[in-house]
Amino acid sequence: MVNLIANSGFEQDPITVEQDGFWFLNIWGTGTVVPAQPFSIETADVYEGARAIRCHVESILEGYFQFVVGSFKVSATALVPGQEFQLRLAYKSTVPLTLTVQGSLAGTSNLSQSIDLPASTVWTLSPWLTFTIPTEGLDWFQFYVLSNNQIGDYLVDAFELTSTVAPITHIVTLDSSPTGVAYTSPIGVAPFTVNVDDGTSLAVQVPSEIEV
Amino acid sequence: MAKYVFDHWEVNGVNVGSANPTTIGPVTTDLTVKAVYTIATHTVSLDSSPSGVAYVNPVGTPPFTITVQDGQSISVQVPHEIEV
């Protein structure tokens, strides 16, 4: 299944610039928290790849805070109205977390679902948070994980957002004249077949010269 | 062995161009993609000394050229004697 989240494991820089793969690392609330910037890129303790995001809160001196890792950057065209999707992540946390999806159309909220994630001292794949895009569609969508005014650490990595609907695939037969040409993309000797998801494209390449 | 040169792509029998690599799609149905090659050709120049000898095979008066497919042989023949 295709993961609709770009830069889903924080592997590419920049992480928090507004472009595909944009993540927000936010502190929602007012008061005084130590450190003032609790988020960092973690490279020593990750679920997969080379990086994760760490949120480290030493103390909350006053006020109430939510410490949030989330993103808006899911292709709006991919969130098909009426279709069911699922979201999960890998996490390791000394504090309980909440995973949330939210959406709206013309300023009116029409999607809001959450699941609670218990603290876990080892990397854990969260359960899927399953939700259905409203039939009227969305013009705004975000998902995030947060801790509620908790002192401690959490690490997040490997977000996945996928459709629960199995994609329709088509059989593409790759042939040549004369037969027997070794394609360089996709790799195979003609004639051979590949499966292609509906609506996607296929890059093809063959040698410019052959000897038969 | 003969050398072939890539010529064009066909999708379900229709010529869709000669870019290589290229992108097929968006794919919305089963289909067949075919890479079509043509046999490579070479230009053979036929000349004579003195110039102007009419070749018997292939027929022509030098200097002239013929196109030969890669790997093929050609037969050449000129008059045994000429007067210039």
# chains A, B, ... in the order shown; residues from 1 in each chain; ligands from 1

call {"tool": "interface_residues", "arguments": {"of": "chain A", "to": "chain B", "cutoff": "7 Å", "atoms": "only C-alpha atoms", "output": "PyMOL selection string"}}
result
chain A and resi 170-178+198-206+208-212

call {"tool": "residues_around", "arguments": {"residues": "Gly52 (chain B)", "least_positions_apart": "4", "cutoff": "10 Å", "atoms": "only C-alpha atoms", "output": "list in words"}}
result
Asp47, Ser48, Gly60, Thr61, Pro62, Pro63, Phe64 and Val84 of chain B

call {"tool": "write_last_selection", "arguments": {"atoms": "C-alpha atoms", "output": "PDB file, in the first residue's frame"}}
result
ATOM      1  CA  ASP B  47      34.122   4.395 -56.418  1.00  0.00           C
ATOM      2  CA  SER B  48      36.662   3.552 -59.072  1.00  0.00           C
ATOM      3  CA  GLY B  60      25.691   2.642 -60.947  1.00  0.00           C
ATOM      4  CA  THR B  61      28.352   5.010 -62.038  1.00  0.00           C
ATOM      5  CA  PRO B  62      30.898   5.990 -59.403  1.00  0.00           C
ATOM      6  CA  PRO B  63      31.060   7.646 -57.160  1.00  0.00           C
ATOM      7  CA  PHE B  64      27.732   6.425 -55.797  1.00  0.00           C
ATOM      8  CA  VAL B  84      38.444   5.882 -70.827  1.00  0.00           C
TER       9      VAL B  84
END

call {"tool": "select_by_dssp", "arguments": {"residues": "region 110-167 of chain A", "states": "strand (DSSP E or B)", "output": "PyMOL selection string"}}
result
chain A and resi 110-117+120-125+129-132+140-148+152-163

call {"tool": "write_last_selection", "arguments": {"atoms": "C-alpha atoms", "output": "CSV table (one decimal), in the first residue's frame"}}
result
chain,number,residue,atom,x,y,z
A,110,ASN,CA,-16.1,17.3,9.6
A,111,LEU,CA,-13.4,14.9,10.7
A,112,SER,CA,-11.9,14.4,14.1
A,113,GLN,CA,-10.7,11.1,15.5
A,114,SER,CA,-8.1,10.1,18.0
A,115,ILE,CA,-6.7,7.1,19.7
A,116,ASP,CA,-4.7,7.0,22.9
A,117,LEU,CA,-1.3,5.4,23.0
A,120,SER,CA,6.1,2.2,25.9
A,121,THR,CA,9.7,1.7,26.9
A,122,VAL,CA,10.5,0.0,23.6
A,123,TRP,CA,9.8,1.0,20.1
A,124,THR,CA,6.2,0.1,19.3
A,125,LEU,CA,4.0,0.2,16.2
A,129,LEU,CA,-6.3,4.9,13.6
A,130,THR,CA,-8.9,4.1,10.9
A,131,PHE,CA,-11.0,6.9,9.6
A,132,THR,CA,-13.3,7.7,6.6
A,140,TRP,CA,-7.9,21.0,5.1
A,141,PHE,CA,-6.4,18.0,6.8
A,142,GLN,CA,-3.9,17.4,9.5
A,143,PHE,CA,-2.6,14.5,11.6
A,144,TYR,CA,-0.5,14.7,14.7
A,145,VAL,CA,0.7,12.9,17.8
A,146,LEU,CA,0.9,14.8,21.1
A,147,SER,CA,1.6,14.5,24.8
A,148,ASN,CA,-0.7,16.3,27.2
A,152,GLY,CA,9.3,13.0,30.0
A,153,ASP,CA,10.4,11.9,26.6
A,154,TYR,CA,8.8,10.6,23.5
A,155,LEU,CA,10.3,9.5,20.2
A,156,VAL,CA,8.3,9.1,17.0
A,157,ASP,CA,9.2,7.6,13.6
A,158,ALA,CA,7.8,5.9,10.5
A,159,PHE,CA,4.4,7.5,10.1
A,160,GLU,CA,2.2,5.6,7.7
A,161,LEU,CA,-1.0,6.8,6.1
A,162,THR,CA,-2.6,4.4,3.6
A,163,SER,CA,-5.9,3.6,2.0

call {"tool": "closest_residue", "arguments": {"among": "A:Ala106, A:Val2, A:Gly31, A:Gly82", "to": "Thr135 (chain A)", "atoms": "only C-alpha atoms"}}
result
A:Gly82

call {"tool": "closest_residue", "arguments": {"among": "A:Leu105, A:Ile15, A:Ile168, A:Ile41", "to": "Gly137 (chain A)", "atoms": "only C-alpha atoms"}}
result
A:Leu105

call {"tool": "residues_around", "arguments": {"residues": "Thr164 (chain A)", "least_positions_apart": "6", "cutoff": "9 Å", "atoms": "only C-alpha atoms", "output": "ChimeraX atom specification"}}
result
/A:1,83-86,130

call {"tool": "write_last_selection", "arguments": {"atoms": "C-alpha atoms", "output": "tab-separated table (two decimals), in the first residue's frame"}}
result
chain	number	residue	atom	x	y	z
A	1	MET	CA	0.00	0.00	0.00
A	83	GLN	CA	-12.84	6.22	1.22
A	84	GLU	CA	-11.40	4.68	4.36
A	85	PHE	CA	-7.81	5.37	5.40
A	86	GLN	CA	-5.57	4.32	8.25
A	130	THR	CA	-8.90	4.14	10.94
